[in-house]
Amino acid sequence: MRAGCRVDKPNAVIKQASALVHHATRLQRRRWRALVWLYGAPDKARQQAQLLWEEQTWQAPLWVGAEHETPVAPCLPASKARTRLGAEHQLIVLDASGSQGLDPDALGALAGTVSAGGLLVIITPSNWGEQPDPDYARFADYPWRWDSLSAHYLKRLAFQLMGESTIVRWEVDSSLTLPRLSIRDSRAAPFDDADCLTADQARAVNALVKLKRRRPLVITADRGRGKSAALGIACARLLQKSVTQLVVTAPRLSSVESLFARVVALCPQGQRLSSARFELPSGSSLCFLAPDALNEQVDQARLGGSGSYLLVDEAAAIPAAMLAHWLAAFPRIAFATTVHGYEGSGRGFALRFREVLNRTAPQWRELPLDAPVRWSVGDPLEATIQALLLLNAPLPEAHASTHCQTASMSMVLTQAQLAKQRELLAKLFGLLVQSHYRTTPSDLRQLLDGPGTAIRTIIASKEPQAVLVTREEGGFNAALADQVARGERRPQGHLLAQSLAAHSGSREALTSRWRRVARIATHPERRREGLGRRLLEEDIANAHQQGIALYGATFGAEASLLRFWLALGFAPVRLGITREAATGEYAIMVARALTSEGHAVLTTLRDTFAASLITLLAFELATLPAPIVALLLPSLPRLPLSNAEIQAVDDVAYAHRDPALARTSLQALAREASHWPLGQEAQIAHQQLITWAFQNQPLAKAHGESVRLIRRATQQIIEQRTLFPSSPEG
């Protein structure tokens with residue numbers, strides 16, 4: 001069928017379906033895939049998609065949509081799209097026209113499962129983008145209704161699809177427009193490795209097999225580049241080289257299934273004893289350990305140490321604190337991660353973890369995989385999905401501010417304005433992607449259409465240098481606030497206000513109006529220049545003018561980040577008691593009052609937090625890092641040491657009193673010292689004392705050594721002040 005021809009015969013749809021099958025055959029010869037945009041009346045569109053479904057025997061076809069609207073089987077709801085990871089489908093029909101709408105994360109996930117020569121069909125109504133769809137209900141915060149929200153995101157998608165030259169456009173009861181396929185570039189870099197499919201993959205395998213001590217390898221790749229298979233090939237060769245034990249970890253066992261499959265295929269003499277263990281007759285083994293289990297074994301000194309190997313797959317989905325812990329334990333270690341996609345962006349991981357690598361293993365090496373394995377270079381579907389979901393959002397250029405005062409002043413962008421400026425949108429999203437640990441396709445929709453969302457940015461030479469995204473919260477009526485505090489209601493959204501009300505019982509935390517920082521990002525080359533501070537200060541001033549009572553944020557408790565917020569006058573008001581899965585850190589909430597009403601609420605929240613902190617540190621927060629605890633102690637009421645406490649501290653430091661019998665006095669010293677300017681050695685001593693006094697963690701395995709370290713830490717702290725002028729020399 002010629003590109004753009006119109007078919008008006010009675011059997012036109014059948015011929016169009018046949019033409020699409022022929023188009024897929026042409027794609028197969030190039031090892032490409034394509035997106036088909038099928039739009040029009042939903043019922044008729046589904047009928048046309050069904051004709052395509054039945055036109056030939058497709059490999060593992062999949063229909064994604066609501067079961068009661070789907071004319072074929074099997075059917076999968078969009079919420080379960082991730083269960084297809086690792087699978088391959090020659091035809092996927094994604095029905096975004098019905099009661100489910102479009103889930104951007106499902107689109108990103110499913111696109112990666114379309115095999116070479118396959119089609120991804122998206123069904124939408126003809127007026128797509130003029131109004132939100134039912135999937136918007138997932139982020140329609142109370143009291144907004146999903147159908148009252150803006151639809152800038154969908155309008156952007158429809159506009160892009162209408163202008164995209166590489167997709168198939170199939171209008172119900174109308175025309176089928178097939179794109180002209182360019183000639184595939186069949187040139188490929190030469191390589192000599194029968195087990196590998198690309199030169200990139202061969203280089204990765206070679207680097208993995210030759211891992212050197214204290215020279216970590218970081219492999220980054222887009223999806224479909226054979227990253228996990230490269231890990232598997234390398235594992236097989238290392239086992240055959242008599243490496244006795246290989247450990248691999250990933251967020252889920254399913255993430256390394258292709259790794260194990262390659263090992264099984266390349267080591268037929270071995271046996272897969274379980275889904276997580278493979279062993280050769282010689283006893284050499286490959287085992288999978290989940291991150292938590294691996295951490296436990298490292299802590300117990302059962303894994304790690306001289307000669308040990310660790311391979312980490314999908315490292316971007318594992319907390320950076322865990323990665324750093326393993327980096328110290330395993331002399332030969334490699335990290336592999338997906339650069340972007342439904343898993344969440346790996347670019348934020350790469351930039352953040354690079355700082356750890358530079359500090360602890362400066363001879364580390366990065367190896368990117370660019371050549372696709374599952375499809376060929378130039379694949380139309382990959383290019384389309386990347387453009388639609390901004391998976392390759394560019395990092396803007398860094399530009400220092402000029403002497404012009406307005407060069408670094410922030411400006412507010414409405415969502416409508418941002419949606420119309422496609423280049424600026426891509427760059428702002430690029431800033432957010434590189435600054436945050438995980439970014440998903442749905443985050444772009446939230447940015448453009450999230451209710452109560454505001455965007456403030458600093459631009460230099462037309463390039464965004466920093467961006468702040470905020471959300472409006474609170475303002476509940478008294479009756480609803482009471483129901484939330486009692487645990488009887490949980491309206492959607494209002495993360496900060498609801499959490500504080502539910503956990504502290506403060507009704508006023510919900511009746512007051514809040515502005516919460518959802519995201520803040522600064523260009524990596526312009527950090528520590530005060531851009532983030534400027535954004536916040538100007539936005540706080542704006543919030544005050546609008547009568548907002550409280551300004552707040554929630555983030556993973558990391559010392560430098562917490563120090564930043566405390567320096568801006570924010571106070572801690574809640575601390576999570578379990579580590580966040582994404583960051584491995586405890587979530588902390590901070591707030592700053594902007595009005596008299598806000599001051600009253602904040603005082604109550606601070607008092608509640610302070611009252612619970614000591615008990616939590618002894619139990620649920622016993623593993624909270626000491627630098628964080630040191631920053632939180634000043635939030636407790638300040639109580640100068642009594643004469644009895646001074647004497648008890650002196651007896652521990654310079655005599656032979658058992659520290660356990662003076663614990664409350666040592667706690668009082670640690671609390672008071674949190675207000676003192678301490679030198680570097682005294683800071684370490686302070687943190688040691690905190691760990692023992694509040695969290696009941698011994699400073700050494702041997703009791704006598706632990707006591708000696710406590711005495712020494714106490715001496716170092718009190719010597720920072722003239723609190724003990726008559727103390728003997730230590």
# chains A, B, ... in the order shown; residues from 1 in each chain; ligands from 1
call {"tool": "closest_atom_pairs", "arguments": {"of": "region 397-458 of chain A", "to": "region 383-391 of chain A", "cutoff": "12 Å", "atoms": "only C-alpha atoms", "output": "tab-separated table"}}
result
residue	atom	partner	partner_atom	distance
A:Arg422	CA	A:Leu390	CA	10.5
A:Glu423	CA	A:Leu390	CA	10.8
A:Leu425	CA	A:Leu390	CA	9.4
A:Ala426	CA	A:Leu390	CA	6.7
A:Lys427	CA	A:Leu390	CA	9.7
A:Leu428	CA	A:Leu390	CA	10.8
A:Phe429	CA	A:Leu390	CA	7.9
A:Gly430	CA	A:Leu390	CA	8.4
A:Leu431	CA	A:Leu390	CA	12.0
A:Leu432	CA	A:Leu390	CA	11.6
A:Val433	CA	A:Leu391	CA	9.1
A:Gln434	CA	A:Leu391	CA	11.5
A:Thr439	CA	A:Leu391	CA	9.6
A:Thr440	CA	A:Leu391	CA	8.8
A:Pro441	CA	A:Leu389	CA	5.7
A:Ser442	CA	A:Leu389	CA	8.5
A:Asp443	CA	A:Leu389	CA	9.7
A:Leu444	CA	A:Leu389	CA	7.6
A:Arg445	CA	A:Leu389	CA	9.2
call {"tool": "write_last_selection", "arguments": {"atoms": "C-alpha atoms", "output": "compact mmCIF listing (two decimals), in the first residue's frame"}}
result
# COMPACT_ATOMS: atom_id res chain seq x y z
CA ARG A 422 8.68 21.97 24.15
CA GLU A 423 12.42 22.66 24.21
CA LEU A 425 10.13 21.43 28.94
CA ALA A 426 12.67 18.86 27.79
CA LYS A 427 15.55 20.72 29.44
CA LEU A 428 13.70 21.27 32.71
CA PHE A 429 12.77 17.61 32.81
CA GLY A 430 16.40 16.77 32.03
CA LEU A 431 17.43 18.73 35.13
CA LEU A 432 14.92 16.83 37.25
CA VAL A 433 16.02 13.46 35.84
CA GLN A 434 19.71 13.94 36.58
CA THR A 439 12.26 9.38 37.64
CA THR A 440 9.45 7.59 35.82
CA PRO A 441 7.46 8.46 32.68
CA SER A 442 4.46 9.37 34.86
CA ASP A 443 6.47 12.16 36.49
CA LEU A 444 6.29 14.18 33.26
CA ARG A 445 2.49 13.99 33.32
call {"tool": "residues_around", "arguments": {"residues": "region 550-566 of chain A", "least_positions_apart": "2", "cutoff": "9 Å", "atoms": "only C-alpha atoms", "output": "PyMOL selection string"}}
result
chain A and resi 495-496+512-519+533+540+543-544+548+568-572+575+579-580+583-595+597-599+601-602+625+627-628+631
call {"tool": "select_by_dssp", "arguments": {"residues": "region 244-386 of chain A", "states": "strand (DSSP E or B)", "output": "number ranges by chain"}}
result
A: 245-249, 271-274, 277-279, 285-288, 309-312, 332-338, 365-369
call {"tool": "residues_around", "arguments": {"residues": "region 698-709 of chain A", "least_positions_apart": "3", "cutoff": "8 Å", "atoms": "only C-alpha atoms", "output": "VMD selection string"}}
result
chain A and resid 658 to 659 688 691 to 692 712 to 713
call {"tool": "closest_residue", "arguments": {"among": "A:Asn358, A:Ser182, A:Ser255, A:Ser635", "to": "Gly378 (chain A)", "atoms": "only C-alpha atoms"}}
result
A:Ser182
call {"tool": "closest_residue", "arguments": {"among": "A:Thr25, A:Trp375, A:His152, A:Arg528", "to": "Gln421 (chain A)", "atoms": "only C-alpha atoms"}}
result
A:His152
call {"tool": "residues_around", "arguments": {"residues": "region 268-279 of chain A", "least_positions_apart": "4", "cutoff": "12 Å", "atoms": "only C-alpha atoms", "output": "ChimeraX atom specification"}}
result
/A:232,235-236,239-240,242-250,252-264,283-290
call {"tool": "select_by_dssp", "arguments": {"residues": "region 556-676 of chain A", "states": "alpha helix (DSSP H)", "output": "number ranges by chain"}}
result
A: 559-567, 596-618, 626-632, 643-654, 663-673
call {"tool": "residues_around", "arguments": {"residues": "region 200-209 of chain A", "least_positions_apart": "3", "cutoff": "9 Å", "atoms": "only C-alpha atoms", "output": "PyMOL selection string"}}
result
chain A and resi 189+191-193+195-197+212+217+219+225-227+229-235+237-238+333-334+367-371+373
call {"tool": "write_last_selection", "arguments": {"atoms": "N, CA, C and O atoms", "output": "compact mmCIF listing (two decimals), in the first residue's frame"}}
result
# COMPACT_ATOMS: atom_id res chain seq x y z
N ALA A 189 30.29 -2.50 14.12
CA ALA A 189 31.69 -2.59 14.51
C ALA A 189 32.12 -4.05 14.56
O ALA A 189 31.40 -4.89 15.09
N PHE A 191 33.90 -7.49 15.68
CA PHE A 191 34.32 -8.08 16.95
C PHE A 191 34.46 -9.58 16.77
O PHE A 191 33.88 -10.17 15.86
N ASP A 192 35.23 -10.17 17.62
CA ASP A 192 35.51 -11.61 17.52
C ASP A 192 35.13 -12.29 18.81
O ASP A 192 35.96 -12.53 19.69
N ASP A 193 33.84 -12.55 18.97
CA ASP A 193 33.34 -13.23 20.16
C ASP A 193 32.03 -13.91 19.79
O ASP A 193 30.99 -13.25 19.65
N ASP A 195 29.99 -15.64 21.43
CA ASP A 195 28.92 -15.63 22.42
C ASP A 195 28.20 -14.29 22.49
O ASP A 195 27.12 -14.19 23.09
N CYS A 196 28.79 -13.26 21.89
CA CYS A 196 28.22 -11.91 21.99
C CYS A 196 27.54 -11.52 20.70
O CYS A 196 27.86 -12.03 19.61
N LEU A 197 26.61 -10.57 20.80
CA LEU A 197 25.83 -10.15 19.64
C LEU A 197 26.28 -8.79 19.09
O LEU A 197 25.91 -8.44 17.98
N LYS A 212 39.69 -5.75 37.90
CA LYS A 212 40.88 -5.61 38.73
C LYS A 212 40.50 -5.13 40.13
O LYS A 212 39.46 -4.50 40.33
N LEU A 217 33.87 -1.35 37.88
CA LEU A 217 33.38 -1.13 36.52
C LEU A 217 31.91 -0.74 36.60
O LEU A 217 31.13 -1.38 37.30
N ILE A 219 28.72 -0.24 34.14
CA ILE A 219 28.17 -0.45 32.80
C ILE A 219 26.82 0.24 32.72
O ILE A 219 25.93 -0.04 33.52
N ARG A 225 20.03 -3.51 25.25
CA ARG A 225 21.44 -3.51 24.81
C ARG A 225 22.19 -4.78 25.23
O ARG A 225 23.40 -4.87 25.04
N GLY A 226 21.51 -5.74 25.83
CA GLY A 226 22.18 -6.98 26.20
C GLY A 226 23.05 -6.88 27.43
O GLY A 226 23.99 -7.65 27.59
N LYS A 227 22.71 -5.95 28.32
CA LYS A 227 23.51 -5.72 29.52
C LYS A 227 23.52 -6.95 30.43
O LYS A 227 24.58 -7.42 30.85
N ALA A 229 22.70 -10.02 29.72
CA ALA A 229 23.32 -11.16 29.03
C ALA A 229 24.84 -11.06 29.09
O ALA A 229 25.53 -12.07 29.26
N ALA A 230 25.38 -9.84 28.97
CA ALA A 230 26.83 -9.66 29.07
C ALA A 230 27.32 -10.08 30.45
O ALA A 230 28.37 -10.73 30.58
N LEU A 231 26.57 -9.75 31.48
CA LEU A 231 26.93 -10.19 32.83
C LEU A 231 26.94 -11.72 32.91
O LEU A 231 27.82 -12.32 33.53
N GLY A 232 25.93 -12.35 32.27
CA GLY A 232 25.86 -13.81 32.29
C GLY A 232 27.02 -14.46 31.57
O GLY A 232 27.60 -15.45 32.05
N ILE A 233 27.39 -13.94 30.41
CA ILE A 233 28.52 -14.50 29.65
C ILE A 233 29.80 -14.38 30.47
O ILE A 233 30.61 -15.30 30.55
N ALA A 234 29.98 -13.21 31.10
CA ALA A 234 31.17 -13.00 31.92
C ALA A 234 31.19 -13.95 33.11
O ALA A 234 32.25 -14.51 33.46
N CYS A 235 30.03 -14.17 33.73
CA CYS A 235 29.96 -15.11 34.87
C CYS A 235 30.39 -16.51 34.43
O CYS A 235 31.15 -17.19 35.14
N ARG A 237 32.38 -17.39 32.05
CA ARG A 237 33.83 -17.45 31.80
C ARG A 237 34.63 -17.36 33.10
O ARG A 237 35.67 -18.01 33.23
N LEU A 238 34.16 -16.57 34.05
CA LEU A 238 34.86 -16.49 35.33
C LEU A 238 34.78 -17.82 36.08
O LEU A 238 35.76 -18.27 36.69
N ILE A 333 34.32 -5.57 41.86
CA ILE A 333 32.89 -5.29 41.83
C ILE A 333 32.53 -4.55 40.55
O ILE A 333 33.31 -3.73 40.04
N ALA A 334 31.36 -4.86 40.01
CA ALA A 334 30.86 -4.19 38.81
C ALA A 334 29.40 -3.82 39.02
O ALA A 334 28.64 -4.58 39.63
N LEU A 367 31.69 2.08 31.27
CA LEU A 367 31.62 1.49 29.94
C LEU A 367 30.16 1.54 29.46
O LEU A 367 29.31 0.80 29.96
N PRO A 368 29.84 2.41 28.52
CA PRO A 368 28.45 2.47 28.01
C PRO A 368 28.21 1.45 26.91
O PRO A 368 29.11 1.15 26.12
N LEU A 369 27.00 0.90 26.87
CA LEU A 369 26.59 0.01 25.78
C LEU A 369 25.59 0.79 24.92
O LEU A 369 24.51 1.15 25.39
N ASP A 370 25.95 1.03 23.68
CA ASP A 370 25.10 1.84 22.80
C ASP A 370 24.34 1.01 21.77
O ASP A 370 23.21 1.33 21.42
N ALA A 371 24.96 -0.05 21.25
CA ALA A 371 24.35 -0.82 20.16
C ALA A 371 23.23 -1.72 20.69
O ALA A 371 23.44 -2.50 21.62
N VAL A 373 20.58 -4.85 20.98
CA VAL A 373 20.68 -6.29 20.71
C VAL A 373 19.34 -6.85 20.27
O VAL A 373 19.25 -7.65 19.34
call {"tool": "residues_around", "arguments": {"residues": "Leu661 (chain A)", "least_positions_apart": "6", "cutoff": "12 Å", "atoms": "only C-alpha atoms", "output": "ChimeraX atom specification"}}
result
/A:645,648-649,651-652,667,693,707
call {"tool": "residues_around", "arguments": {"residues": "Leu91 (chain A)", "least_positions_apart": "3", "cutoff": "8 Å", "atoms": "only C-alpha atoms", "output": "ChimeraX atom specification"}}
result
/A:53,58-62,114,118-121
call {"tool": "atom_distance", "arguments": {"atom1": "CA of Ala137 (chain A)", "atom2": "CA of Gln48 (chain A)"}}
result
28.0 Å
call {"tool": "atom_distance", "arguments": {"atom1": "CA of Tyr136 (chain A)", "atom2": "CA of Gly452 (chain A)"}}
result
14.0 Å
call {"tool": "atom_distance", "arguments": {"atom1": "CA of Pro132 (chain A)", "atom2": "CA of Leu51 (chain A)"}}
result
28.2 Å
call {"tool": "closest_residue", "arguments": {"among": "A:Gln546, A:Ser126, A:Thr603, A:Gln465", "to": "Leu395 (chain A)", "atoms": "only C-alpha atoms"}}
result
A:Gln465
call {"tool": "closest_residue", "arguments": {"among": "A:Arg671, A:Lys15, A:Lys241, A:His68", "to": "Arg638 (chain A)", "atoms": "only C-alpha atoms"}}
result
A:Arg671
call {"tool": "decode", "arguments": {"residues": "region 407-420 of chain A", "atoms": "all heavy atoms", "output": "PDB file, in the first residue's frame"}}
result
ATOM      1  N   ALA A 407      19.673  38.201  35.793  1.00  0.00           N
ATOM      2  CA  ALA A 407      20.108  36.962  35.151  1.00  0.00           C
ATOM      3  C   ALA A 407      19.860  35.747  36.024  1.00  0.00           C
ATOM      4  O   ALA A 407      19.628  34.666  35.529  1.00  0.00           O
ATOM      5  CB  ALA A 407      21.595  37.054  34.793  1.00  0.00           C
ATOM      6  N   SER A 408      19.915  35.926  37.345  1.00  0.00           N
ATOM      7  CA  SER A 408      19.745  34.797  38.243  1.00  0.00           C
ATOM      8  C   SER A 408      18.455  34.877  39.044  1.00  0.00           C
ATOM      9  O   SER A 408      18.269  34.151  39.995  1.00  0.00           O
ATOM     10  CB  SER A 408      20.934  34.691  39.201  1.00  0.00           C
ATOM     11  OG  SER A 408      22.077  34.255  38.520  1.00  0.00           O
ATOM     12  N   MET A 409      17.570  35.784  38.687  1.00  0.00           N
ATOM     13  CA  MET A 409      16.295  35.854  39.381  1.00  0.00           C
ATOM     14  C   MET A 409      15.411  34.728  38.888  1.00  0.00           C
ATOM     15  O   MET A 409      15.433  34.368  37.726  1.00  0.00           O
ATOM     16  CB  MET A 409      15.632  37.211  39.147  1.00  0.00           C
ATOM     17  CG  MET A 409      16.447  38.323  39.739  1.00  0.00           C
ATOM     18  SD  MET A 409      15.551  39.693  40.450  1.00  0.00           S
ATOM     19  CE  MET A 409      13.982  39.160  40.951  1.00  0.00           C
ATOM     20  N   SER A 410      14.644  34.172  39.803  1.00  0.00           N
ATOM     21  CA  SER A 410      13.780  33.066  39.408  1.00  0.00           C
ATOM     22  C   SER A 410      12.524  33.586  38.722  1.00  0.00           C
ATOM     23  O   SER A 410      12.126  34.742  38.909  1.00  0.00           O
ATOM     24  CB  SER A 410      13.400  32.234  40.634  1.00  0.00           C
ATOM     25  OG  SER A 410      12.552  32.966  41.485  1.00  0.00           O
ATOM     26  N   MET A 411      11.914  32.730  37.940  1.00  0.00           N
ATOM     27  CA  MET A 411      10.664  33.058  37.283  1.00  0.00           C
ATOM     28  C   MET A 411       9.703  31.892  37.435  1.00  0.00           C
ATOM     29  O   MET A 411      10.114  30.739  37.535  1.00  0.00           O
ATOM     30  CB  MET A 411      10.886  33.359  35.793  1.00  0.00           C
ATOM     31  CG  MET A 411      11.493  32.210  34.999  1.00  0.00           C
ATOM     32  SD  MET A 411      11.745  32.611  33.259  1.00  0.00           S
ATOM     33  CE  MET A 411      10.053  32.759  32.697  1.00  0.00           C
ATOM     34  N   VAL A 412       8.429  32.219  37.512  1.00  0.00           N
ATOM     35  CA  VAL A 412       7.395  31.202  37.667  1.00  0.00           C
ATOM     36  C   VAL A 412       6.823  30.872  36.297  1.00  0.00           C
ATOM     37  O   VAL A 412       6.509  31.762  35.502  1.00  0.00           O
ATOM     38  CB  VAL A 412       6.280  31.692  38.607  1.00  0.00           C
ATOM     39  CG1 VAL A 412       5.149  30.670  38.674  1.00  0.00           C
ATOM     40  CG2 VAL A 412       6.848  31.948  39.995  1.00  0.00           C
ATOM     41  N   LEU A 413       6.697  29.588  36.019  1.00  0.00           N
ATOM     42  CA  LEU A 413       6.090  29.111  34.776  1.00  0.00           C
ATOM     43  C   LEU A 413       4.793  28.388  35.100  1.00  0.00           C
ATOM     44  O   LEU A 413       4.773  27.533  35.993  1.00  0.00           O
ATOM     45  CB  LEU A 413       7.025  28.142  34.047  1.00  0.00           C
ATOM     46  CG  LEU A 413       8.304  28.700  33.428  1.00  0.00           C
ATOM     47  CD1 LEU A 413       9.204  27.552  32.996  1.00  0.00           C
ATOM     48  CD2 LEU A 413       7.975  29.582  32.239  1.00  0.00           C
ATOM     49  N   THR A 414       3.730  28.726  34.416  1.00  0.00           N
ATOM     50  CA  THR A 414       2.510  27.944  34.584  1.00  0.00           C
ATOM     51  C   THR A 414       2.656  26.641  33.803  1.00  0.00           C
ATOM     52  O   THR A 414       3.501  26.523  32.899  1.00  0.00           O
ATOM     53  CB  THR A 414       1.281  28.699  34.069  1.00  0.00           C
ATOM     54  OG1 THR A 414       1.383  28.842  32.634  1.00  0.00           O
ATOM     55  CG2 THR A 414       1.175  30.079  34.720  1.00  0.00           C
ATOM     56  N   GLN A 415       1.835  25.675  34.140  1.00  0.00           N
ATOM     57  CA  GLN A 415       1.884  24.404  33.414  1.00  0.00           C
ATOM     58  C   GLN A 415       1.517  24.599  31.952  1.00  0.00           C
ATOM     59  O   GLN A 415       2.102  23.955  31.069  1.00  0.00           O
ATOM     60  CB  GLN A 415       0.950  23.395  34.088  1.00  0.00           C
ATOM     61  CG  GLN A 415       1.442  22.962  35.461  1.00  0.00           C
ATOM     62  CD  GLN A 415       0.406  22.195  36.252  1.00  0.00           C
ATOM     63  OE1 GLN A 415      -0.717  22.666  36.443  1.00  0.00           O
ATOM     64  NE2 GLN A 415       0.758  21.005  36.714  1.00  0.00           N
ATOM     65  N   ALA A 416       0.587  25.505  31.685  1.00  0.00           N
ATOM     66  CA  ALA A 416       0.201  25.770  30.296  1.00  0.00           C
ATOM     67  C   ALA A 416       1.369  26.375  29.516  1.00  0.00           C
ATOM     68  O   ALA A 416       1.614  26.019  28.360  1.00  0.00           O
ATOM     69  CB  ALA A 416      -1.009  26.705  30.256  1.00  0.00           C
ATOM     70  N   GLN A 417       2.091  27.301  30.137  1.00  0.00           N
ATOM     71  CA  GLN A 417       3.244  27.904  29.470  1.00  0.00           C
ATOM     72  C   GLN A 417       4.318  26.858  29.181  1.00  0.00           C
ATOM     73  O   GLN A 417       4.893  26.823  28.095  1.00  0.00           O
ATOM     74  CB  GLN A 417       3.822  29.016  30.345  1.00  0.00           C
ATOM     75  CG  GLN A 417       2.966  30.260  30.446  1.00  0.00           C
ATOM     76  CD  GLN A 417       3.505  31.233  31.473  1.00  0.00           C
ATOM     77  OE1 GLN A 417       4.100  30.845  32.472  1.00  0.00           O
ATOM     78  NE2 GLN A 417       3.279  32.535  31.230  1.00  0.00           N
ATOM     79  N   LEU A 418       4.584  26.016  30.162  1.00  0.00           N
ATOM     80  CA  LEU A 418       5.627  25.002  29.988  1.00  0.00           C
ATOM     81  C   LEU A 418       5.252  24.009  28.908  1.00  0.00           C
ATOM     82  O   LEU A 418       6.096  23.577  28.123  1.00  0.00           O
ATOM     83  CB  LEU A 418       5.867  24.282  31.314  1.00  0.00           C
ATOM     84  CG  LEU A 418       7.048  23.310  31.365  1.00  0.00           C
ATOM     85  CD1 LEU A 418       8.346  24.016  31.010  1.00  0.00           C
ATOM     86  CD2 LEU A 418       7.154  22.677  32.742  1.00  0.00           C
ATOM     87  N   ALA A 419       3.976  23.648  28.845  1.00  0.00           N
ATOM     88  CA  ALA A 419       3.533  22.673  27.843  1.00  0.00           C
ATOM     89  C   ALA A 419       3.736  23.200  26.426  1.00  0.00           C
ATOM     90  O   ALA A 419       3.976  22.419  25.491  1.00  0.00           O
ATOM     91  CB  ALA A 419       2.062  22.327  28.067  1.00  0.00           C
ATOM     92  N   LYS A 420       3.653  24.518  26.253  1.00  0.00           N
ATOM     93  CA  LYS A 420       3.797  25.101  24.918  1.00  0.00           C
ATOM     94  C   LYS A 420       5.259  25.270  24.511  1.00  0.00           C
ATOM     95  O   LYS A 420       5.552  25.429  23.327  1.00  0.00           O
ATOM     96  CB  LYS A 420       3.096  26.460  24.867  1.00  0.00           C
ATOM     97  CG  LYS A 420       1.576  26.368  24.981  1.00  0.00           C
ATOM     98  CD  LYS A 420       0.950  27.752  25.005  1.00  0.00           C
ATOM     99  CE  LYS A 420      -0.566  27.668  25.164  1.00  0.00           C
ATOM    100  NZ  LYS A 420      -1.174  29.024  25.246  1.00  0.00           N
TER     101      LYS A 420
END
